[in-house]
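Below: the structure, in structure tokens.
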Amino acid sequence: MPTAWAPPGAPEAPPCANQSCTPHNLVLLGFAHVPTLRPLLTALFLAMFPLTLLGNALIVLLTALDPALRAPMYFFLRHLALLEVCFSLDIAPRLLGTLLRPGWGVSPAGCALQLVLVLSCVTSECFLLTAMAWDRYVAICRPLRYGAIMSPRLCHLLAATCWLAGVPVLLVFTIWLFSFPFCGPRGIRHFFCDIAPLLSLVCGDTRVFEANVLAATVLVVMVPFCLIATSYTGVLATVLRMPSATGRHKALSTCTSHLIVVVLFFGTTGVIHLRPKASSSPESKQVVSLSYTLVTPMLNPLIYSLRNKEVKAALGRVCCRHQESGPQE
């Protein structure tokens, strides 16, 4: 059975496990360049994965069950938590598979499916963080009209747009990428199927493809980032005009968590996707990718909500209702 080769200068792909590789399969090399760290990384990611699912599932349940968390801010937070669950389910199982069973092959169709899901999650998160920034702008800068502007109908429309707007474009780019010939090496120097490592396996002319990917990335990443920056410029101008220091602190406290996640997510996503063939090594890009694929989804419940007094109170109410509805004599 032939083994999957790695690109020149990369770690050699391990032999295929359980005959899962064919000459046409791809192999996610993941962290094959640091084999001594594999047990530590496996334990770390095995801990992060359930924590991410549990934390975000808790946010979904609380914002759905507690009547006090019906504000648009928590509506968008629920969708963000659902998105992080999808992101983790798409990335973590295959990452753990590459660590536990090195050399496990993935079919081109399976790789293409993961690429679509990853890009869809990234696109949706960019749009969703923009919608959350708009919500904070309206709440602070237009408080008297907040209820009328952020109506349930508009919130549902924004959420649906965030989830679905980028899917057609992502499908086109994925089909386009996998229409190129993959020649020679079949080892993907990454822990998931992404555009940059897949481009390194293509032996055709990808300049037109890369130009179109860059244009789409600017629209998906930079335009939302600029809209978020514009929203917070307006928020800051409004806050500075507030006469009360308590009012200023309260207004800014509702934005701090969102700003932290925006910096983490857009900073790392821009580095990876705005320069798909940058000179930095694939191994260094893997470390950057960990931030927005695993670390940020795990931290989001803590950054946004689990330290939030309203969410803590909601958790207490839900627990009390569960105890009261338990078996009674």
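Ordering of the structure tokens sets the chain letters (A, B, ...); residue numbers start at 1 within each chain; ligands are numbered from 1 in the order shown.
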Checklist entry - Which residues, written as a PyMOL selection string, have at least one atom at most 9 Å from segment 253-267 of chain A, with only C-alpha atoms counted and residues fewer than 4 positions away on the same chain left out? => result chain A and resi 125-126+129+132-133+136+221-222+225+228+232+248-249+271+291-292+296+299-300+303-305
Create the file for the chosen residues now, containing N, CA and C atoms and written as a PDB file, in the first residue's frame.
```pdb
ATOM      1  N   GLU A 125     -19.219  33.763  11.320  1.00  0.00           N
ATOM      2  CA  GLU A 125     -18.760  34.443  12.539  1.00  0.00           C
ATOM      3  C   GLU A 125     -18.389  35.893  12.254  1.00  0.00           C
ATOM      4  N   CYS A 126     -17.780  36.153  11.089  1.00  0.00           N
ATOM      5  CA  CYS A 126     -17.480  37.543  10.718  1.00  0.00           C
ATOM      6  C   CYS A 126     -18.759  38.373  10.668  1.00  0.00           C
ATOM      7  N   LEU A 129     -20.440  38.690  14.303  1.00  0.00           N
ATOM      8  CA  LEU A 129     -19.778  39.683  15.157  1.00  0.00           C
ATOM      9  C   LEU A 129     -20.104  41.100  14.704  1.00  0.00           C
ATOM     10  N   MET A 132     -23.552  41.864  16.041  1.00  0.00           N
ATOM     11  CA  MET A 132     -23.487  42.145  17.481  1.00  0.00           C
ATOM     12  C   MET A 132     -22.936  43.543  17.742  1.00  0.00           C
ATOM     13  N   ALA A 133     -21.983  43.991  16.924  1.00  0.00           N
ATOM     14  CA  ALA A 133     -21.478  45.358  17.067  1.00  0.00           C
ATOM     15  C   ALA A 133     -22.572  46.373  16.736  1.00  0.00           C
ATOM     16  N   ARG A 136     -24.897  46.713  19.689  1.00  0.00           N
ATOM     17  CA  ARG A 136     -24.340  47.568  20.740  1.00  0.00           C
ATOM     18  C   ARG A 136     -24.383  49.044  20.338  1.00  0.00           C
ATOM     19  N   VAL A 221     -13.924  39.517   5.422  1.00  0.00           N
ATOM     20  CA  VAL A 221     -13.173  39.804   6.648  1.00  0.00           C
ATOM     21  C   VAL A 221     -13.010  41.304   6.879  1.00  0.00           C
ATOM     22  N   MET A 222     -12.486  42.019   5.873  1.00  0.00           N
ATOM     23  CA  MET A 222     -12.138  43.418   6.084  1.00  0.00           C
ATOM     24  C   MET A 222     -13.360  44.334   6.133  1.00  0.00           C
ATOM     25  N   PHE A 225     -14.974  43.961   9.475  1.00  0.00           N
ATOM     26  CA  PHE A 225     -14.098  44.571  10.486  1.00  0.00           C
ATOM     27  C   PHE A 225     -14.219  46.093  10.452  1.00  0.00           C
ATOM     28  N   ILE A 228     -17.455  47.086  12.041  1.00  0.00           N
ATOM     29  CA  ILE A 228     -17.353  46.990  13.502  1.00  0.00           C
ATOM     30  C   ILE A 228     -16.590  48.190  14.054  1.00  0.00           C
ATOM     31  N   TYR A 232     -18.044  51.037  16.700  1.00  0.00           N
ATOM     32  CA  TYR A 232     -17.451  51.354  17.991  1.00  0.00           C
ATOM     33  C   TYR A 232     -16.881  52.766  18.039  1.00  0.00           C
ATOM     34  N   ARG A 248     -20.889  55.877  31.809  1.00  0.00           N
ATOM     35  CA  ARG A 248     -19.838  55.542  30.847  1.00  0.00           C
ATOM     36  C   ARG A 248     -19.291  54.136  31.101  1.00  0.00           C
ATOM     37  N   HIS A 249     -19.062  53.814  32.374  1.00  0.00           N
ATOM     38  CA  HIS A 249     -18.531  52.494  32.706  1.00  0.00           C
ATOM     39  C   HIS A 249     -19.521  51.397  32.344  1.00  0.00           C
ATOM     40  N   VAL A 271      -4.650  37.089   9.281  1.00  0.00           N
ATOM     41  CA  VAL A 271      -3.297  36.605   8.998  1.00  0.00           C
ATOM     42  C   VAL A 271      -3.341  35.377   8.100  1.00  0.00           C
ATOM     43  N   SER A 291      -5.973  29.461  17.284  1.00  0.00           N
ATOM     44  CA  SER A 291      -6.624  30.527  18.031  1.00  0.00           C
ATOM     45  C   SER A 291      -8.100  30.649  17.662  1.00  0.00           C
ATOM     46  N   TYR A 292      -8.396  30.733  16.350  1.00  0.00           N
ATOM     47  CA  TYR A 292      -9.792  30.959  15.974  1.00  0.00           C
ATOM     48  C   TYR A 292     -10.594  29.678  15.775  1.00  0.00           C
ATOM     49  N   THR A 296     -10.569  30.324  20.722  1.00  0.00           N
ATOM     50  CA  THR A 296     -11.653  31.299  20.826  1.00  0.00           C
ATOM     51  C   THR A 296     -13.004  30.644  21.090  1.00  0.00           C
ATOM     52  N   LEU A 299     -13.095  29.857  24.747  1.00  0.00           N
ATOM     53  CA  LEU A 299     -13.096  31.011  25.648  1.00  0.00           C
ATOM     54  C   LEU A 299     -14.348  31.869  25.539  1.00  0.00           C
ATOM     55  N   ASN A 300     -15.060  31.774  24.436  1.00  0.00           N
ATOM     56  CA  ASN A 300     -16.210  32.652  24.229  1.00  0.00           C
ATOM     57  C   ASN A 300     -17.228  32.604  25.368  1.00  0.00           C
ATOM     58  N   ILE A 303     -15.577  34.609  28.137  1.00  0.00           N
ATOM     59  CA  ILE A 303     -15.393  36.023  27.808  1.00  0.00           C
ATOM     60  C   ILE A 303     -16.721  36.754  27.787  1.00  0.00           C
ATOM     61  N   TYR A 304     -17.738  36.134  27.175  1.00  0.00           N
ATOM     62  CA  TYR A 304     -19.010  36.818  26.963  1.00  0.00           C
ATOM     63  C   TYR A 304     -19.941  36.744  28.160  1.00  0.00           C
ATOM     64  N   SER A 305     -20.105  35.543  28.723  1.00  0.00           N
ATOM     65  CA  SER A 305     -21.299  35.360  29.524  1.00  0.00           C
ATOM     66  C   SER A 305     -21.113  34.752  30.898  1.00  0.00           C
TER      67      SER A 305
END
```
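The shortest atom-to-atom distance to Ile188 of chain A, with only C-alpha atoms taken into account, belongs to A:Leu29 out of A:Leu290, A:Cys226, A:Ala237, A:Leu29.
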Checklist entry - Skipping near chain neighbours, those fewer than 6 positions away, what residues fall within 10 Å of Leu294 of chain A using only C-alpha atoms, listed as number ranges by chain? => result A: 45, 48-49, 52, 84, 87-88, 91-92
Could you write those residues out with N, CA and C atoms, as a PDB file, in the first residue's frame?
```
ATOM      1  N   PHE A  45      -6.137  18.794  23.727  1.00  0.00           N
ATOM      2  CA  PHE A  45      -7.302  18.951  22.856  1.00  0.00           C
ATOM      3  C   PHE A  45      -8.475  18.086  23.312  1.00  0.00           C
ATOM      4  N   MET A  48     -10.033  20.323  25.831  1.00  0.00           N
ATOM      5  CA  MET A  48     -10.640  21.529  25.269  1.00  0.00           C
ATOM      6  C   MET A  48     -11.951  21.238  24.546  1.00  0.00           C
ATOM      7  N   PHE A  49     -12.019  20.109  23.850  1.00  0.00           N
ATOM      8  CA  PHE A  49     -13.194  19.805  23.035  1.00  0.00           C
ATOM      9  C   PHE A  49     -14.478  19.708  23.862  1.00  0.00           C
ATOM     10  N   THR A  52     -15.451  23.115  25.351  1.00  0.00           N
ATOM     11  CA  THR A  52     -16.037  24.012  24.354  1.00  0.00           C
ATOM     12  C   THR A  52     -17.506  23.671  24.122  1.00  0.00           C
ATOM     13  N   GLU A  84     -20.110  28.235  17.357  1.00  0.00           N
ATOM     14  CA  GLU A  84     -18.883  27.696  17.925  1.00  0.00           C
ATOM     15  C   GLU A  84     -18.987  26.187  18.129  1.00  0.00           C
ATOM     16  N   PHE A  87     -18.367  24.767  14.729  1.00  0.00           N
ATOM     17  CA  PHE A  87     -16.945  24.924  14.418  1.00  0.00           C
ATOM     18  C   PHE A  87     -16.130  23.817  15.098  1.00  0.00           C
ATOM     19  N   SER A  88     -16.403  23.604  16.387  1.00  0.00           N
ATOM     20  CA  SER A  88     -15.653  22.602  17.140  1.00  0.00           C
ATOM     21  C   SER A  88     -15.920  21.195  16.624  1.00  0.00           C
ATOM     22  N   ILE A  91     -13.849  20.690  13.453  1.00  0.00           N
ATOM     23  CA  ILE A  91     -12.384  20.705  13.549  1.00  0.00           C
ATOM     24  C   ILE A  91     -11.841  19.651  14.506  1.00  0.00           C
ATOM     25  N   ALA A  92     -12.359  19.616  15.729  1.00  0.00           N
ATOM     26  CA  ALA A  92     -11.713  18.838  16.794  1.00  0.00           C
ATOM     27  C   ALA A  92     -11.666  17.328  16.532  1.00  0.00           C
TER      28      ALA A  92
END
```
Item to check | Residue nearest Val106 of chain A - candidates A:Val287, A:Leu46, A:Leu214, A:Leu28, atoms counted: only C-alpha atoms | outcome: A:Leu28
Next on the checklist: According to DSSP computed on the backbone, where in segment 25-213 of chain A is there alpha helix (DSSP H)? Give the residues as a ChimeraX atom specification.
Outcome noted: /A:38-65,72-100,108-141,146-149,152-164,167-178,195-199,207-213
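Picture a line from atom CA of Val85 of chain A to atom CA of Ser124 of chain A; it runs 12.9 Å.
Considering only C-alpha atoms, the residue among A:Pro181, A:Gly30, A:Pro297, A:Gly147 positioned nearest to Arg101 of chain A is A:Gly30.
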Give me the residues within 8 Å of segment 62-67 of chain A as a short mmCIF file (atom, residue, chain, number, x, y, z; two decimals) with C-alpha atoms, in the first residue's frame, counting only C-alpha atoms and dropping any in the same chain fewer than 3 places off.
```cif
data_model
loop_
_atom_site.label_atom_id
_atom_site.label_comp_id
_atom_site.auth_asym_id
_atom_site.auth_seq_id
_atom_site.Cartn_x
_atom_site.Cartn_y
_atom_site.Cartn_z
CA LEU A 58 -24.91 26.03 28.38
CA ILE A 59 -25.13 29.47 26.78
CA ARG A 70 -34.57 37.77 25.67
CA TYR A 74 -28.46 37.40 24.01
CA PHE A 75 -30.26 36.32 20.84
CA ARG A 78 -27.05 32.18 21.32
CA VAL A 311 -26.21 35.01 32.97
CA ALA A 314 -30.27 33.02 34.88
CA LEU A 315 -28.21 29.91 35.65
CA ARG A 317 -33.01 30.42 38.23
CA VAL A 318 -32.82 27.51 35.79
#
```
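Among the candidate residues A:Pro102, A:Asp90, A:Leu177, A:Thr130, the one lying nearest to Thr230 of chain A is A:Thr130, with distances computed using only C-alpha atoms.
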Checklist entry - Which residues, written as a PyMOL selection string, have at least one atom at most 10 Å from Leu236 of chain A, with only C-alpha atoms counted and residues fewer than 3 positions away on the same chain left out? => result chain A and resi 137+140-141+230-233+239-241+248+251-252
Next on the checklist: I'd like the neighbourhood of Leu26 of chain A as a list in words, where a residue qualifies if any of its atoms comes within 9 Å (using only C-alpha atoms), though same-chain residues fewer than 6 positions away should be ignored.
Outcome noted: Ala4, Trp104, Gly105, Val106, Ser107, Pro108, Cys111, Pro185, Arg186, Gly187 and Ile188 of chain A
Next on the checklist: Between A:Lys312, A:Lys285, A:Arg189, A:Arg38, which residue has the minimum interatomic distance to Leu99 of chain A, considering only C-alpha atoms?
Outcome noted: A:Arg38
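Shortest atom-to-atom contact with Trp176 of chain A among A:Val122, A:Thr206, A:His190, A:Gly270: A:Thr206, counting only C-alpha atoms.
One distance worth recording is that between atom CA of His156 of chain A and atom CA of Leu69 of chain A, which is 15.8 Å.
Atom CA of Ala196 of chain A lies 13.1 Å from atom CA of Ala211 of chain A.
Using only C-alpha atoms, the residues found no farther than 8 Å from Pro301 of chain A, other than those of its own chain fewer than 6 positions away, are Gly55, Asn56, Ile59 and Ala81 of chain A.
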